[in-house]
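Written below as structure tokens is the structure these notes are about.
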Amino acid sequence: LALLAVIGVIGLFAYAVGFLQFPGHAIRNDLTKLMADSGQEGLLVTQMDGSIIYANAAYMNLSGTQDLADLRTVERLFSGSPEVSEAVYRLAQAAREGNRGTEEIRLSPALTGAGEAGWYRIRVRPLQLPGQPRVTLWSVAEVTRERERQENVFQELQHAIDFLDHAPAGFFSADASGKINYMNATLSAWLDYDLAQYGSGGLKLSDIVAGDGAALMSLVAGGSSEVRTEQFDVDFKRRNGQSMPVRVIHRIAFAQDCTPGPSRTLVINRAPGEEPAENLRAAEVRFARFFNQTPMAIVSLDHKGYISRANPAF
């Protein structure tokens, strides 16, 4: 009995210090370590005093060292410009207060030392085990390629807006109350309005449509989930009060309760000298070809999310 008691005490001591582990517990620990080490985000666990407890392989690669003795914390790794230091300080302050935080910073040059700038997303969150002091988990992910893709999408969007703004015809969108939410540069130039001065929602249909034209366009009605397209030959009025004859192709999508949505209105200038020598139908075809050949994918959805119209790029 004494021998068995001694063996039991030694076994308990070995289990307490980690020399002895049950198979299930060891497998869970190995799996957790494998998940952390094989991830693409750098992970770093620090104590409240800043000492490092654990760093995965991705963080070691970011820091450029494989020696734990030379491993730097996030505050030391991302020291540089004032903007970077301020962002990291905010995260460190959130960690000290036991809060979560996320920042995206631009580091030039990048940690890879390639001579180019790099973008990094840094997150921090507290970890608390029962009966143990609180620790802090830092995660660092390089998002340079994501930023480049966002920039490319933004540039394509800017090109598409530029195409629409300088199209060979006017275009505007108005809501049910007649407030103009958008007007392209071509139409604003015809009407002599400065978009920078009036901005979105600064004009109404009654400001640009002469006579009863605005009332005529507002009378377009439709059924549930219907899309109506009407054509009007009306006069627009410039800012100085002069009239300008136009042909308007006015399209409105109606909701299920028959509420009209924002209009999509094409305006073709029929003033002398402005209308091309070819007939109006050919001009409309040219405009449709312009939108169909734009490299930006365009799709129109109804209120249920179904596709009602799309260009070839989409």
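Each chain of the structure tokens is named A, B, ... in the order shown, its residues numbered from 1; ligands are numbered from 1 in display order.
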Item to complete: Would you list, as a ChimeraX atom specification, the residues of segment 44-141 of chain A that end up in strand (DSSP E) under DSSP run on this structure's backbone?
Response: /A:44-46,52-55,101-107,118-127,135-141
Near segment 296-303 of chain A, 12 Å: segment 124-158 of chain A residue rows, closest pairs, only C-alpha atoms, as a tab-separated table:
```
residue	atom	partner	partner_atom	distance
A:Asn152	CA	A:Met296	CA	12.0
A:Val153	CA	A:Met296	CA	9.8
A:Phe154	CA	A:Met296	CA	11.3
A:Gln155	CA	A:Met296	CA	10.7
A:Glu156	CA	A:Met296	CA	6.9
A:Leu157	CA	A:Met296	CA	7.5
A:Gln158	CA	A:Met296	CA	10.1
```
Worksheet item: So which residues touch segment 95-110 of chain A within 8 Å, counting only C-alpha atoms, skipping near sequence neighbours fewer than 6 positions away, as an MDAnalysis selection string?
Response: chainID A and resid 48 78 80 83:84 87:88 116:126 136
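Distance-wise, atom CA of Gly39 of chain A and atom CA of Tyr89 of chain A end up 25.4 Å apart.
Of the residues listed (A:Ile208, A:Leu137, A:Ala185, A:Ala196), A:Leu137 shows the shortest atom-to-atom separation from Ile52 of chain A; distances use only C-alpha atoms.
Across A:Gln47, A:Ala160, A:Asp165, A:Glu75, the tightest approach to Leu127 of chain A is made by A:Gln47 when counting only C-alpha atoms.
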Worksheet item: Looking at only C-alpha atoms, which of A:Ala210, A:Ser225, A:Leu62, A:Trp190 is the one that sits closest to Ala271 of chain A?
Response: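 Going through A:Ala210, A:Ser225, A:Leu62, A:Trp190 one by one, the smallest distance to Ala271 of chain A is for A:Trp190.
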Fill in: Polymer residues at most 6 Å from Ile252 of chain A, only C-alpha atoms, same-chain spacing of 3 or more positions, as number ranges by chain
A: 227-228, 263
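Between Gln40 of chain A and the residues A:Leu71, A:Val143, A:Ile7, A:Leu216, the shortest atom-to-atom distance, using only C-alpha atoms, involves A:Val143.
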Worksheet item: Which of these, A:Val74, A:His166, A:Pro245, A:Phe314, has the shortest distance to Leu91 of chain A once you count only C-alpha atoms?
Response: A:Val74
Discussion item. For Asp233 of chain A, find every residue with an atom within 7 Å (counting only C-alpha atoms), except residues of its own chain fewer than 5 positions away, and show them as a list in words.
Written reply: Val246, Arg247 and Val248 of chain A
Worksheet item: So which bits of segment 50-284 of chain A end up helix (DSSP H, G or I) when you DSSP the backbone, as a ChimeraX atom specification?
Response: /A:57-63,68-70,74-77,82-96,144-165,185-191,195-198,205-208,213-218,280-284
Fill in: Straight-line distance linking atom CA of Gln256 of chain A with atom CA of Gly305 of chain A, stated in Å to one decimal
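Pair atom CA of Gln256 of chain A / atom CA of Gly305 of chain A returns 12.2 Å.
Straight-line separation from atom CA of Pro260 of chain A to atom CA of Asp207 of chain A: 20.6 Å.
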